[in-house]
$ cat input.pdb   # PDB, C-alpha atoms
ATOM      1  CA  MET A   1    -105.980 -18.428 157.301  1.00  0.00           C
ATOM      2  CA  LYS A   2    -106.380 -21.086 154.683  1.00  0.00           C
ATOM      3  CA  ALA A   3    -104.128 -23.892 153.544  1.00  0.00           C
ATOM      4  CA  VAL A   4    -103.415 -23.949 149.825  1.00  0.00           C
ATOM      5  CA  LEU A   5    -102.575 -27.439 148.583  1.00  0.00           C
ATOM      6  CA  ALA A   6    -100.159 -28.552 145.911  1.00  0.00           C
ATOM      7  CA  PRO A   7    -102.247 -29.206 142.771  1.00  0.00           C
ATOM      8  CA  VAL A   8     -99.680 -31.618 141.319  1.00  0.00           C
ATOM      9  CA  GLU A   9     -96.910 -33.910 142.478  1.00  0.00           C
ATOM     10  CA  GLY A  10     -93.355 -32.686 141.986  1.00  0.00           C
ATOM     11  CA  ALA A  11     -90.778 -30.335 143.405  1.00  0.00           C
ATOM     12  CA  ALA A  12     -92.041 -27.148 145.052  1.00  0.00           C
ATOM     13  CA  VAL A  13     -89.937 -24.243 143.822  1.00  0.00           C
ATOM     14  CA  GLY A  14     -90.284 -20.515 144.354  1.00  0.00           C
ATOM     15  CA  LEU A  15     -92.195 -18.389 141.882  1.00  0.00           C
ATOM     16  CA  ALA A  16     -88.846 -16.841 140.962  1.00  0.00           C
ATOM     17  CA  ALA A  17     -87.985 -20.131 139.231  1.00  0.00           C
ATOM     18  CA  VAL A  18     -90.898 -19.824 136.798  1.00  0.00           C
ATOM     19  CA  PRO A  19     -89.599 -19.057 133.283  1.00  0.00           C
ATOM     20  CA  ASP A  20     -92.194 -16.351 132.664  1.00  0.00           C
ATOM     21  CA  PRO A  21     -91.698 -12.872 134.143  1.00  0.00           C
ATOM     22  CA  VAL A  22     -95.447 -12.369 134.579  1.00  0.00           C
ATOM     23  CA  PHE A  23     -95.310 -15.050 137.254  1.00  0.00           C
ATOM     24  CA  SER A  24     -91.717 -14.837 138.474  1.00  0.00           C
ATOM     25  CA  ALA A  25     -92.028 -11.104 139.190  1.00  0.00           C
ATOM     26  CA  GLY A  26     -95.209 -11.727 141.147  1.00  0.00           C
ATOM     27  CA  MET A  27     -97.315  -9.658 138.739  1.00  0.00           C
ATOM     28  CA  VAL A  28    -100.251 -12.059 138.853  1.00  0.00           C
ATOM     29  CA  GLY A  29     -99.861 -12.451 142.611  1.00  0.00           C
ATOM     30  CA  PRO A  30     -97.826 -14.164 145.304  1.00  0.00           C
ATOM     31  CA  GLY A  31     -97.707 -17.915 145.679  1.00  0.00           C
ATOM     32  CA  ALA A  32     -95.495 -20.816 144.748  1.00  0.00           C
ATOM     33  CA  ALA A  33     -94.704 -23.054 141.815  1.00  0.00           C
ATOM     34  CA  ILE A  34     -94.245 -26.765 141.298  1.00  0.00           C
ATOM     35  CA  ASP A  35     -91.939 -28.450 138.824  1.00  0.00           C
ATOM     36  CA  PRO A  36     -94.234 -31.412 138.201  1.00  0.00           C
ATOM     37  CA  LEU A  37     -93.358 -35.073 138.131  1.00  0.00           C
ATOM     38  CA  ARG A  38     -93.139 -36.116 134.484  1.00  0.00           C
ATOM     39  CA  GLY A  39     -95.723 -38.600 133.288  1.00  0.00           C
ATOM     40  CA  PRO A  40     -99.535 -38.789 133.243  1.00  0.00           C
ATOM     41  CA  GLY A  41    -101.092 -37.139 136.275  1.00  0.00           C
ATOM     42  CA  LYS A  42    -104.103 -35.313 137.616  1.00  0.00           C
ATOM     43  CA  ALA A  43    -104.064 -31.721 138.749  1.00  0.00           C
ATOM     44  CA  VAL A  44    -106.294 -31.208 141.775  1.00  0.00           C
ATOM     45  CA  ALA A  45    -108.088 -28.298 143.417  1.00  0.00           C
ATOM     46  CA  PRO A  46    -105.721 -26.415 145.758  1.00  0.00           C
ATOM     47  CA  ILE A  47    -108.630 -25.267 147.940  1.00  0.00           C
ATOM     48  CA  ALA A  48    -112.284 -26.165 148.413  1.00  0.00           C
ATOM     49  CA  GLY A  49    -114.730 -23.969 146.572  1.00  0.00           C
ATOM     50  CA  LYS A  50    -116.297 -23.250 143.231  1.00  0.00           C
ATOM     51  CA  ILE A  51    -114.499 -23.583 139.909  1.00  0.00           C
ATOM     52  CA  MET A  52    -114.876 -19.988 138.803  1.00  0.00           C
ATOM     53  CA  LYS A  53    -112.884 -20.426 135.585  1.00  0.00           C
ATOM     54  CA  LEU A  54    -111.804 -23.630 133.922  1.00  0.00           C
ATOM     55  CA  HIS A  55    -109.540 -23.555 130.918  1.00  0.00           C
ATOM     56  CA  PRO A  56    -107.744 -26.749 129.883  1.00  0.00           C
ATOM     57  CA  HIS A  57    -104.389 -25.207 130.847  1.00  0.00           C
ATOM     58  CA  ALA A  58    -105.455 -23.169 133.879  1.00  0.00           C
ATOM     59  CA  TYR A  59    -108.180 -22.886 136.468  1.00  0.00           C
ATOM     60  CA  VAL A  60    -109.333 -20.628 139.277  1.00  0.00           C
ATOM     61  CA  ILE A  61    -111.045 -21.962 142.398  1.00  0.00           C
ATOM     62  CA  VAL A  62    -112.799 -19.476 144.695  1.00  0.00           C
ATOM     63  CA  GLY A  63    -113.483 -20.456 148.296  1.00  0.00           C
ATOM     64  CA  ASP A  64    -116.543 -19.486 150.320  1.00  0.00           C
ATOM     65  CA  ASP A  65    -114.399 -16.739 151.873  1.00  0.00           C
ATOM     66  CA  GLY A  66    -114.055 -15.145 148.421  1.00  0.00           C
ATOM     67  CA  LYS A  67    -110.366 -15.939 148.117  1.00  0.00           C
ATOM     68  CA  GLY A  68    -109.354 -17.273 144.718  1.00  0.00           C
ATOM     69  CA  VAL A  69    -106.400 -19.437 143.733  1.00  0.00           C
ATOM     70  CA  LEU A  70    -105.101 -19.734 140.173  1.00  0.00           C
ATOM     71  CA  VAL A  71    -103.392 -22.921 139.012  1.00  0.00           C
ATOM     72  CA  HIS A  72    -101.558 -22.618 135.686  1.00  0.00           C
ATOM     73  CA  LEU A  73    -100.488 -25.924 134.140  1.00  0.00           C
ATOM     74  CA  GLY A  74     -97.223 -25.170 132.393  1.00  0.00           C
ATOM     75  CA  ILE A  75     -96.013 -21.966 130.753  1.00  0.00           C
ATOM     76  CA  ASP A  76     -97.415 -20.630 127.464  1.00  0.00           C
ATOM     77  CA  THR A  77     -99.738 -23.639 127.455  1.00  0.00           C
ATOM     78  CA  VAL A  78    -102.651 -21.467 126.310  1.00  0.00           C
ATOM     79  CA  GLN A  79    -101.063 -21.956 122.876  1.00  0.00           C
ATOM     80  CA  LEU A  80    -101.913 -25.675 122.995  1.00  0.00           C
ATOM     81  CA  LYS A  81    -105.626 -24.753 122.804  1.00  0.00           C
ATOM     82  CA  GLY A  82    -106.538 -27.623 125.110  1.00  0.00           C
ATOM     83  CA  GLU A  83    -104.566 -30.345 123.368  1.00  0.00           C
ATOM     84  CA  GLY A  84    -103.165 -32.796 125.905  1.00  0.00           C
ATOM     85  CA  PHE A  85    -105.526 -31.717 128.691  1.00  0.00           C
ATOM     86  CA  GLN A  86    -108.631 -33.592 129.783  1.00  0.00           C
ATOM     87  CA  LEU A  87    -111.184 -31.826 131.963  1.00  0.00           C
ATOM     88  CA  LEU A  88    -112.320 -33.871 134.956  1.00  0.00           C
ATOM     89  CA  ALA A  89    -114.744 -31.247 136.283  1.00  0.00           C
ATOM     90  CA  ALA A  90    -116.802 -28.394 134.860  1.00  0.00           C
ATOM     91  CA  GLU A  91    -116.801 -24.635 135.351  1.00  0.00           C
ATOM     92  CA  GLY A  92    -119.198 -23.768 138.162  1.00  0.00           C
ATOM     93  CA  ASP A  93    -118.720 -27.122 139.928  1.00  0.00           C
ATOM     94  CA  ARG A  94    -118.107 -27.138 143.637  1.00  0.00           C
ATOM     95  CA  VAL A  95    -114.989 -29.103 144.455  1.00  0.00           C
ATOM     96  CA  SER A  96    -113.309 -30.245 147.613  1.00  0.00           C
ATOM     97  CA  ALA A  97    -109.640 -29.479 148.213  1.00  0.00           C
ATOM     98  CA  GLY A  98    -107.615 -32.182 146.502  1.00  0.00           C
ATOM     99  CA  GLN A  99    -110.344 -33.133 144.016  1.00  0.00           C
ATOM    100  CA  PRO A 100    -109.018 -33.828 140.474  1.00  0.00           C
ATOM    101  CA  VAL A 101    -109.803 -31.062 137.976  1.00  0.00           C
ATOM    102  CA  VAL A 102    -107.619 -31.674 134.891  1.00  0.00           C
ATOM    103  CA  ALA A 103    -105.695 -34.717 133.651  1.00  0.00           C
ATOM    104  CA  TRP A 104    -102.471 -33.976 131.773  1.00  0.00           C
ATOM    105  CA  ASP A 105     -98.943 -35.195 131.159  1.00  0.00           C
ATOM    106  CA  PRO A 106     -96.134 -32.745 131.957  1.00  0.00           C
ATOM    107  CA  SER A 107     -93.704 -34.790 129.852  1.00  0.00           C
ATOM    108  CA  GLU A 108     -95.833 -34.056 126.760  1.00  0.00           C
ATOM    109  CA  ILE A 109     -95.733 -30.342 127.530  1.00  0.00           C
ATOM    110  CA  GLU A 110     -91.969 -30.526 127.861  1.00  0.00           C
ATOM    111  CA  ALA A 111     -91.643 -32.564 124.663  1.00  0.00           C
ATOM    112  CA  GLY A 112     -93.493 -29.741 122.906  1.00  0.00           C
ATOM    113  CA  GLY A 113     -90.774 -27.317 123.956  1.00  0.00           C
ATOM    114  CA  ARG A 114     -92.650 -25.653 126.835  1.00  0.00           C
ATOM    115  CA  SER A 115     -91.988 -25.575 130.550  1.00  0.00           C
ATOM    116  CA  PRO A 116     -94.454 -27.736 132.511  1.00  0.00           C
ATOM    117  CA  VAL A 117     -93.845 -25.704 135.703  1.00  0.00           C
ATOM    118  CA  CYS A 118     -97.106 -24.883 137.493  1.00  0.00           C
ATOM    119  CA  PRO A 119     -97.540 -21.514 139.221  1.00  0.00           C
ATOM    120  CA  VAL A 120    -100.069 -21.571 142.074  1.00  0.00           C
ATOM    121  CA  ILE A 121    -101.184 -18.006 142.767  1.00  0.00           C
ATOM    122  CA  ALA A 122    -103.116 -16.366 145.601  1.00  0.00           C
ATOM    123  CA  LEU A 123    -105.188 -13.824 143.649  1.00  0.00           C
ATOM    124  CA  ASP A 124    -105.585 -10.275 144.995  1.00  0.00           C
ATOM    125  CA  ALA A 125    -103.291 -11.220 147.894  1.00  0.00           C
ATOM    126  CA  THR A 126    -100.412  -9.182 149.267  1.00  0.00           C
ATOM    127  CA  ALA A 127     -97.000 -10.841 149.283  1.00  0.00           C
ATOM    128  CA  ALA A 128     -96.968 -10.737 153.091  1.00  0.00           C
ATOM    129  CA  SER A 129    -100.173 -12.758 153.313  1.00  0.00           C
ATOM    130  CA  VAL A 130     -98.567 -15.840 151.759  1.00  0.00           C
ATOM    131  CA  ARG A 131     -96.640 -17.760 154.420  1.00  0.00           C
ATOM    132  CA  ASP A 132     -94.942 -21.056 155.093  1.00  0.00           C
ATOM    133  CA  VAL A 133     -94.239 -21.817 151.448  1.00  0.00           C
ATOM    134  CA  VAL A 134     -93.041 -25.396 151.204  1.00  0.00           C
ATOM    135  CA  ALA A 135     -89.898 -26.251 149.244  1.00  0.00           C
ATOM    136  CA  GLY A 136     -88.929 -29.619 147.813  1.00  0.00           C
ATOM    137  CA  ARG A 137     -90.861 -32.758 147.128  1.00  0.00           C
ATOM    138  CA  VAL A 138     -94.660 -32.564 147.366  1.00  0.00           C
ATOM    139  CA  ARG A 139     -97.494 -34.868 146.437  1.00  0.00           C
ATOM    140  CA  ALA A 140    -100.754 -33.557 145.009  1.00  0.00           C
ATOM    141  CA  GLY A 141    -102.878 -32.538 147.985  1.00  0.00           C
ATOM    142  CA  ASP A 142     -99.972 -31.763 150.315  1.00  0.00           C
ATOM    143  CA  GLU A 143     -99.969 -28.300 151.847  1.00  0.00           C
ATOM    144  CA  LEU A 144     -98.035 -25.854 149.639  1.00  0.00           C
ATOM    145  CA  PHE A 145     -98.483 -22.567 151.492  1.00  0.00           C
ATOM    146  CA  ARG A 146    -100.738 -20.722 153.915  1.00  0.00           C
ATOM    147  CA  TRP A 147    -102.774 -17.684 153.039  1.00  0.00           C
ATOM    148  CA  ILE A 148    -103.480 -15.475 156.063  1.00  0.00           C
TER
ATOM    149  CA  MET B   1    -118.378   9.595 133.864  1.00  0.00           C
ATOM    150  CA  PRO B   2    -115.181   9.321 131.774  1.00  0.00           C
ATOM    151  CA  GLU B   3    -114.871   6.012 129.993  1.00  0.00           C
ATOM    152  CA  ARG B   4    -112.899   4.308 127.255  1.00  0.00           C
ATOM    153  CA  ARG B   5    -114.147   1.626 124.911  1.00  0.00           C
ATOM    154  CA  VAL B   6    -111.379  -0.647 123.774  1.00  0.00           C
ATOM    155  CA  THR B   7    -111.256  -3.847 121.780  1.00  0.00           C
ATOM    156  CA  VAL B   8    -108.917  -6.510 123.123  1.00  0.00           C
ATOM    157  CA  VAL B   9    -106.681  -7.625 120.270  1.00  0.00           C
ATOM    158  CA  ALA B  10    -104.254  -9.885 122.159  1.00  0.00           C
ATOM    159  CA  GLU B  11    -104.686 -13.492 121.086  1.00  0.00           C
ATOM    160  CA  VAL B  12    -104.936 -14.668 124.700  1.00  0.00           C
ATOM    161  CA  GLY B  13    -107.581 -12.058 125.519  1.00  0.00           C
ATOM    162  CA  LEU B  14    -107.406 -10.127 128.778  1.00  0.00           C
ATOM    163  CA  HIS B  15    -105.490 -12.893 130.553  1.00  0.00           C
ATOM    164  CA  ALA B  16    -101.995 -13.602 131.772  1.00  0.00           C
ATOM    165  CA  ARG B  17     -99.663 -10.728 130.937  1.00  0.00           C
ATOM    166  CA  PRO B  18    -102.263  -8.197 129.718  1.00  0.00           C
ATOM    167  CA  ALA B  19    -104.480  -8.929 132.745  1.00  0.00           C
ATOM    168  CA  ALA B  20    -101.632  -8.648 135.249  1.00  0.00           C
ATOM    169  CA  THR B  21    -100.316  -5.458 133.639  1.00  0.00           C
ATOM    170  CA  PHE B  22    -103.802  -3.943 133.579  1.00  0.00           C
ATOM    171  CA  VAL B  23    -104.477  -4.693 137.249  1.00  0.00           C
ATOM    172  CA  ARG B  24    -101.063  -3.430 138.298  1.00  0.00           C
ATOM    173  CA  ALA B  25    -101.735  -0.091 136.582  1.00  0.00           C
ATOM    174  CA  ALA B  26    -105.335   0.074 137.857  1.00  0.00           C
ATOM    175  CA  THR B  27    -104.233  -0.572 141.434  1.00  0.00           C
ATOM    176  CA  LYS B  28    -101.987   2.503 141.323  1.00  0.00           C
ATOM    177  CA  ALA B  29    -104.899   4.758 140.414  1.00  0.00           C
ATOM    178  CA  PRO B  30    -106.455   6.692 143.301  1.00  0.00           C
ATOM    179  CA  MET B  31    -110.032   6.196 142.110  1.00  0.00           C
ATOM    180  CA  ASP B  32    -112.249   3.174 141.534  1.00  0.00           C
ATOM    181  CA  ILE B  33    -111.841   1.511 138.158  1.00  0.00           C
ATOM    182  CA  SER B  34    -114.652  -0.508 136.678  1.00  0.00           C
ATOM    183  CA  VAL B  35    -114.560  -2.786 133.666  1.00  0.00           C
ATOM    184  CA  ALA B  36    -117.531  -4.175 131.778  1.00  0.00           C
ATOM    185  CA  ARG B  37    -118.243  -5.840 128.482  1.00  0.00           C
ATOM    186  CA  ALA B  38    -119.426  -3.274 125.931  1.00  0.00           C
ATOM    187  CA  SER B  39    -122.198  -5.722 125.047  1.00  0.00           C
ATOM    188  CA  GLY B  40    -123.619  -5.216 128.537  1.00  0.00           C
ATOM    189  CA  ASP B  41    -123.211  -8.921 129.214  1.00  0.00           C
ATOM    190  CA  GLY B  42    -122.610  -9.335 132.957  1.00  0.00           C
ATOM    191  CA  ALA B  43    -122.143  -6.779 135.697  1.00  0.00           C
ATOM    192  CA  PRO B  44    -119.227  -4.312 135.775  1.00  0.00           C
ATOM    193  CA  ILE B  45    -116.298  -5.587 137.808  1.00  0.00           C
ATOM    194  CA  ASN B  46    -113.548  -4.029 139.902  1.00  0.00           C
ATOM    195  CA  GLY B  47    -110.611  -3.370 137.584  1.00  0.00           C
ATOM    196  CA  LYS B  48    -108.180  -3.560 140.514  1.00  0.00           C
ATOM    197  CA  SER B  49    -108.973  -7.236 141.140  1.00  0.00           C
ATOM    198  CA  ILE B  50    -107.053  -9.837 139.146  1.00  0.00           C
ATOM    199  CA  LEU B  51    -109.607 -12.395 140.334  1.00  0.00           C
ATOM    200  CA  GLN B  52    -112.490 -10.384 138.876  1.00  0.00           C
ATOM    201  CA  ILE B  53    -110.615  -9.637 135.651  1.00  0.00           C
ATOM    202  CA  LEU B  54    -109.939 -13.360 135.159  1.00  0.00           C
ATOM    203  CA  ALA B  55    -113.583 -14.078 135.966  1.00  0.00           C
ATOM    204  CA  LEU B  56    -114.746 -11.557 133.364  1.00  0.00           C
ATOM    205  CA  ASP B  57    -112.826 -13.712 130.861  1.00  0.00           C
ATOM    206  CA  VAL B  58    -112.539 -11.173 128.047  1.00  0.00           C
ATOM    207  CA  LYS B  59    -111.553 -12.885 124.809  1.00  0.00           C
ATOM    208  CA  GLN B  60    -109.776 -11.607 121.722  1.00  0.00           C
ATOM    209  CA  ASP B  61    -111.915  -9.202 119.639  1.00  0.00           C
ATOM    210  CA  GLU B  62    -114.291  -8.461 122.529  1.00  0.00           C
ATOM    211  CA  THR B  63    -114.814  -4.804 123.443  1.00  0.00           C
ATOM    212  CA  ILE B  64    -114.761  -3.592 127.024  1.00  0.00           C
ATOM    213  CA  VAL B  65    -115.708  -0.310 128.655  1.00  0.00           C
ATOM    214  CA  ILE B  66    -113.332   1.001 131.313  1.00  0.00           C
ATOM    215  CA  THR B  67    -114.742   3.656 133.636  1.00  0.00           C
ATOM    216  CA  ALA B  68    -113.129   5.936 136.202  1.00  0.00           C
ATOM    217  CA  GLU B  69    -114.126   9.202 137.837  1.00  0.00           C
ATOM    218  CA  GLY B  70    -112.167  11.938 139.532  1.00  0.00           C
ATOM    219  CA  GLU B  71    -109.068  14.031 139.043  1.00  0.00           C
ATOM    220  CA  GLY B  72    -106.671  12.429 136.614  1.00  0.00           C
ATOM    221  CA  ALA B  73    -109.270   9.934 135.388  1.00  0.00           C
ATOM    222  CA  ASP B  74    -108.560  10.659 131.730  1.00  0.00           C
ATOM    223  CA  ALA B  75    -104.851   9.915 132.056  1.00  0.00           C
ATOM    224  CA  VAL B  76    -105.565   6.719 133.993  1.00  0.00           C
ATOM    225  CA  LEU B  77    -108.115   5.609 131.412  1.00  0.00           C
ATOM    226  CA  ASP B  78    -105.735   6.347 128.539  1.00  0.00           C
ATOM    227  CA  GLU B  79    -103.086   4.174 130.164  1.00  0.00           C
ATOM    228  CA  LEU B  80    -105.502   1.323 130.918  1.00  0.00           C
ATOM    229  CA  ALA B  81    -107.018   1.445 127.432  1.00  0.00           C
ATOM    230  CA  GLY B  82    -103.500   1.283 126.000  1.00  0.00           C
ATOM    231  CA  ILE B  83    -102.741  -1.849 128.004  1.00  0.00           C
ATOM    232  CA  ALA B  84    -106.049  -3.570 127.268  1.00  0.00           C
ATOM    233  CA  GLY B  85    -105.799  -2.771 123.568  1.00  0.00           C
ATOM    234  CA  SER B  86    -102.177  -3.770 123.072  1.00  0.00           C
ATOM    235  CA  PRO B  87    -101.395  -6.898 121.043  1.00  0.00           C
TER
END

$ encode --input "input.pdb" --output "structure tokens"
Amino acid sequence: MKAVLAPVEGAAVGLAAVPDPVFSAGMVGPGAAIDPLRGPGKAVAPIAGKIMKLHPHAYVIVGDDGKGVLVHLGIDTVQLKGEGFQLLAAEGDRVSAGQPVVAWDPSEIEAGGRSPVCPVIALDATAASVRDVVAGRVRAGDELFRWI
Amino acid sequence: MPERRVTVVAEVGLHARPAATFVRAATKAPMDISVARASGDGAPINGKSILQILALDVKQDETIVITAEGEGADAVLDELAGIAGSP
């Protein structure tokens, strides 16, 4: 079992609330989503491990147990080609859970006509292995769900 | 071993929707599916793992080789090549 932390502050909502069927239908994997607090903020690592992939708009952290968690900062944000995101770590870095990875401002994403909602996905997990998904207000670093 | 070489044309590469669709189809196949860069860069990965597909990080215009063996492999490979090569 591992605790997966909220990468950003905001309102924890179900994946079904994500305005992108790839995530809302669970195609990428099970997990949760956060409607982030608007304003400048830092997205943190949801688990301890290695930054296996770091894009400005999304990152994957893999723990020593081989389990990987994807954090996607907003929807269709790949189209921004990094604009509005500042990397605070590098691909291959080892990070602790809760360590800042990317600085961004969800209000800028929203102003650009995109949803700033952040899916947090347990990769290669079965739906049944994601438990105790939190709903409502969370701060970055609070527990978001458990992966058994 | 049956294989398909396919160039990824989607602007986002083999990420997001194409990656999820690919893995969903690969997972349904009864045999192992491996994916590698045609350039030989990096080791082949398990095509049923979204984690490994995201790690492979295939970009637009890169060519991959998808491999499968066993009964029905050609049909599986045709489907996977169609997904990976779709815009």

$ resolve_selection --input "input.pdb" --expression "the PyMOL selection byres ((chain B and resi 17) around 9)" --output "number ranges by chain"
A: 21-23, 27-28; B: 14-16, 18-22

$ write_last_selection --input "input.pdb" --atoms "C-alpha atoms" --output "PDB file, keeping the file's coordinate frame"
ATOM      1  CA  PRO A  21     -91.698 -12.872 134.143  1.00  0.00           C
ATOM      2  CA  VAL A  22     -95.447 -12.369 134.579  1.00  0.00           C
ATOM      3  CA  PHE A  23     -95.310 -15.050 137.254  1.00  0.00           C
ATOM      4  CA  MET A  27     -97.315  -9.658 138.739  1.00  0.00           C
ATOM      5  CA  VAL A  28    -100.251 -12.059 138.853  1.00  0.00           C
TER       6      VAL A  28
ATOM      7  CA  LEU B  14    -107.406 -10.127 128.778  1.00  0.00           C
ATOM      8  CA  HIS B  15    -105.490 -12.893 130.553  1.00  0.00           C
ATOM      9  CA  ALA B  16    -101.995 -13.602 131.772  1.00  0.00           C
ATOM     10  CA  PRO B  18    -102.263  -8.197 129.718  1.00  0.00           C
ATOM     11  CA  ALA B  19    -104.480  -8.929 132.745  1.00  0.00           C
ATOM     12  CA  ALA B  20    -101.632  -8.648 135.249  1.00  0.00           C
ATOM     13  CA  THR B  21    -100.316  -5.458 133.639  1.00  0.00           C
ATOM     14  CA  PHE B  22    -103.802  -3.943 133.579  1.00  0.00           C
TER      15      PHE B  22
END

$ interface_residues --input "input.pdb" --of "chain A" --to "chain B" --cutoff "10 Å" --atoms "only C-alpha atoms" --output "list in words"
Asp20, Pro21, Val22, Phe23, Gly26, Met27, Val28, Gly29, Met52, Lys53, Leu54, Tyr59, Val60, Ile61, Val62, Gly66, Lys67, Gly68, Val69, Leu70, His72, Asp76, Val78, Gln79, Ala122, Leu123, Asp124 and Ala125 of chain A

$ residues_around --input "input.pdb" --residues "B:Asp32" --least-positions-apart "3" --cutoff "8 Å" --atoms "all atoms listed in the file" --output "MDAnalysis selection string"
chainID B and resid 29 46:48 68:69

$ resolve_selection --input "input.pdb" --expression "the PyMOL selection byres ((chain B and resi 70-85) around 6)" --output "list in words"
Val6, Thr7, Val8, Val9, Ala68, Glu69 and Ser86 of chain B

$ write_last_selection --input "input.pdb" --atoms "C-alpha atoms" --output "PDB file, in the coordinates of the input"
ATOM      1  CA  VAL B   6    -111.379  -0.647 123.774  1.00  0.00           C
ATOM      2  CA  THR B   7    -111.256  -3.847 121.780  1.00  0.00           C
ATOM      3  CA  VAL B   8    -108.917  -6.510 123.123  1.00  0.00           C
ATOM      4  CA  VAL B   9    -106.681  -7.625 120.270  1.00  0.00           C
ATOM      5  CA  ALA B  68    -113.129   5.936 136.202  1.00  0.00           C
ATOM      6  CA  GLU B  69    -114.126   9.202 137.837  1.00  0.00           C
ATOM      7  CA  SER B  86    -102.177  -3.770 123.072  1.00  0.00           C
TER       8      SER B  86
END

$ residues_around --input "input.pdb" --residues "A:Ser96" --least-positions-apart "5" --cutoff "10 Å" --atoms "only C-alpha atoms" --output "ChimeraX atom specification"
/A:44-50,63

$ atom_distance --input "input.pdb" --atom1 "atom CA of B:Ile64" --atom2 "atom CA of B:Gly40"
9.1 Å

$ closest_residue --input "input.pdb" --among "A:Gln86, A:Ser24, A:Thr126, A:Thr77" --to "A:Ala103" --atoms "only C-alpha atoms"
A:Gln86

$ atom_distance --input "input.pdb" --atom1 "atom CA of A:Gly39" --atom2 "atom CA of A:Val133"
24.8 Å

$ atom_distance --input "input.pdb" --atom1 "atom CA of A:Val120" --atom2 "atom CA of B:Val35"
25.2 Å

$ closest_residue --input "input.pdb" --among "A:Pro56, A:Pro119, A:Gly141, A:Gly41" --to "A:Ala3" --atoms "all atoms listed in the file"
A:Gly141

$ residues_around --input "input.pdb" --residues "A:Ala17" --least-positions-apart "2" --cutoff "12 Å" --atoms "all atoms listed in the file" --output "PyMOL selection string"
chain A and resi 11-15+19-26+31-35+75+115+117-119+135

$ resolve_selection --input "input.pdb" --expression "the PyMOL selection byres ((chain B and resi 39) around 10)" --output "tab-separated table (two decimals) with C-alpha atoms, keeping the file's coordinate frame"
chain	number	residue	atom	x	y	z
B	36	ALA	CA	-117.53	-4.18	131.78
B	37	ARG	CA	-118.24	-5.84	128.48
B	38	ALA	CA	-119.43	-3.27	125.93
B	40	GLY	CA	-123.62	-5.22	128.54
B	41	ASP	CA	-123.21	-8.92	129.21
B	42	GLY	CA	-122.61	-9.34	132.96
B	62	GLU	CA	-114.29	-8.46	122.53
B	63	THR	CA	-114.81	-4.80	123.44
B	64	ILE	CA	-114.76	-3.59	127.02
B	65	VAL	CA	-115.71	-0.31	128.66

$ axis_aligned_box --input "input.pdb" --around "stretch 18-33 of chain B" --padding-each-side "3 Å" --output "JSON"
{"center_x": -106.3, "center_y": -1.1, "center_z": 136.5, "size_x": 17.9, "size_y": 21.6, "size_z": 19.6}

$ closest_residue --input "input.pdb" --among "A:Ala127, A:Leu80, A:Leu88, A:Ala6" --to "A:Gly113" --atoms "all atoms listed in the file"
A:Leu80

$ decode --input "input.pdb" --residues "stretch 2-14 of chain A" --atoms "N, CA and C atoms" --output "compact mmCIF listing (two decimals), in the first residue's frame"
# COMPACT_ATOMS: atom_id res chain seq x y z
N LYS A 2 0.50 2.21 -0.81
CA LYS A 2 1.21 3.47 -0.74
C LYS A 2 0.21 4.61 -0.77
N ALA A 3 0.57 5.67 -0.07
CA ALA A 3 -0.26 6.88 -0.08
C ALA A 3 0.15 7.73 -1.27
N VAL A 4 -0.84 8.19 -2.02
CA VAL A 4 -0.58 9.10 -3.13
C VAL A 4 -1.09 10.47 -2.71
N LEU A 5 -0.20 11.46 -2.76
CA LEU A 5 -0.53 12.79 -2.23
C LEU A 5 -1.10 13.70 -3.30
N ALA A 6 -1.86 14.67 -2.85
CA ALA A 6 -2.37 15.69 -3.76
C ALA A 6 -1.19 16.52 -4.26
N PRO A 7 -1.02 16.65 -5.59
CA PRO A 7 0.11 17.43 -6.10
C PRO A 7 -0.13 18.95 -6.03
N VAL A 8 -1.40 19.33 -5.94
CA VAL A 8 -1.73 20.77 -5.90
C VAL A 8 -2.85 21.01 -4.88
N GLU A 9 -2.96 22.27 -4.48
CA GLU A 9 -4.05 22.64 -3.58
C GLU A 9 -5.32 22.87 -4.40
N GLY A 10 -6.47 22.50 -3.83
CA GLY A 10 -7.72 22.74 -4.54
C GLY A 10 -8.81 21.83 -4.03
N ALA A 11 -9.74 21.53 -4.91
CA ALA A 11 -10.86 20.67 -4.55
C ALA A 11 -10.66 19.32 -5.22
N ALA A 12 -10.59 18.26 -4.41
CA ALA A 12 -10.48 16.91 -4.97
C ALA A 12 -11.83 16.52 -5.55
N VAL A 13 -11.80 16.13 -6.82
CA VAL A 13 -13.02 15.71 -7.52
C VAL A 13 -12.73 14.35 -8.13
N GLY A 14 -13.75 13.63 -8.50
CA GLY A 14 -13.53 12.33 -9.13
C GLY A 14 -12.99 12.51 -10.54
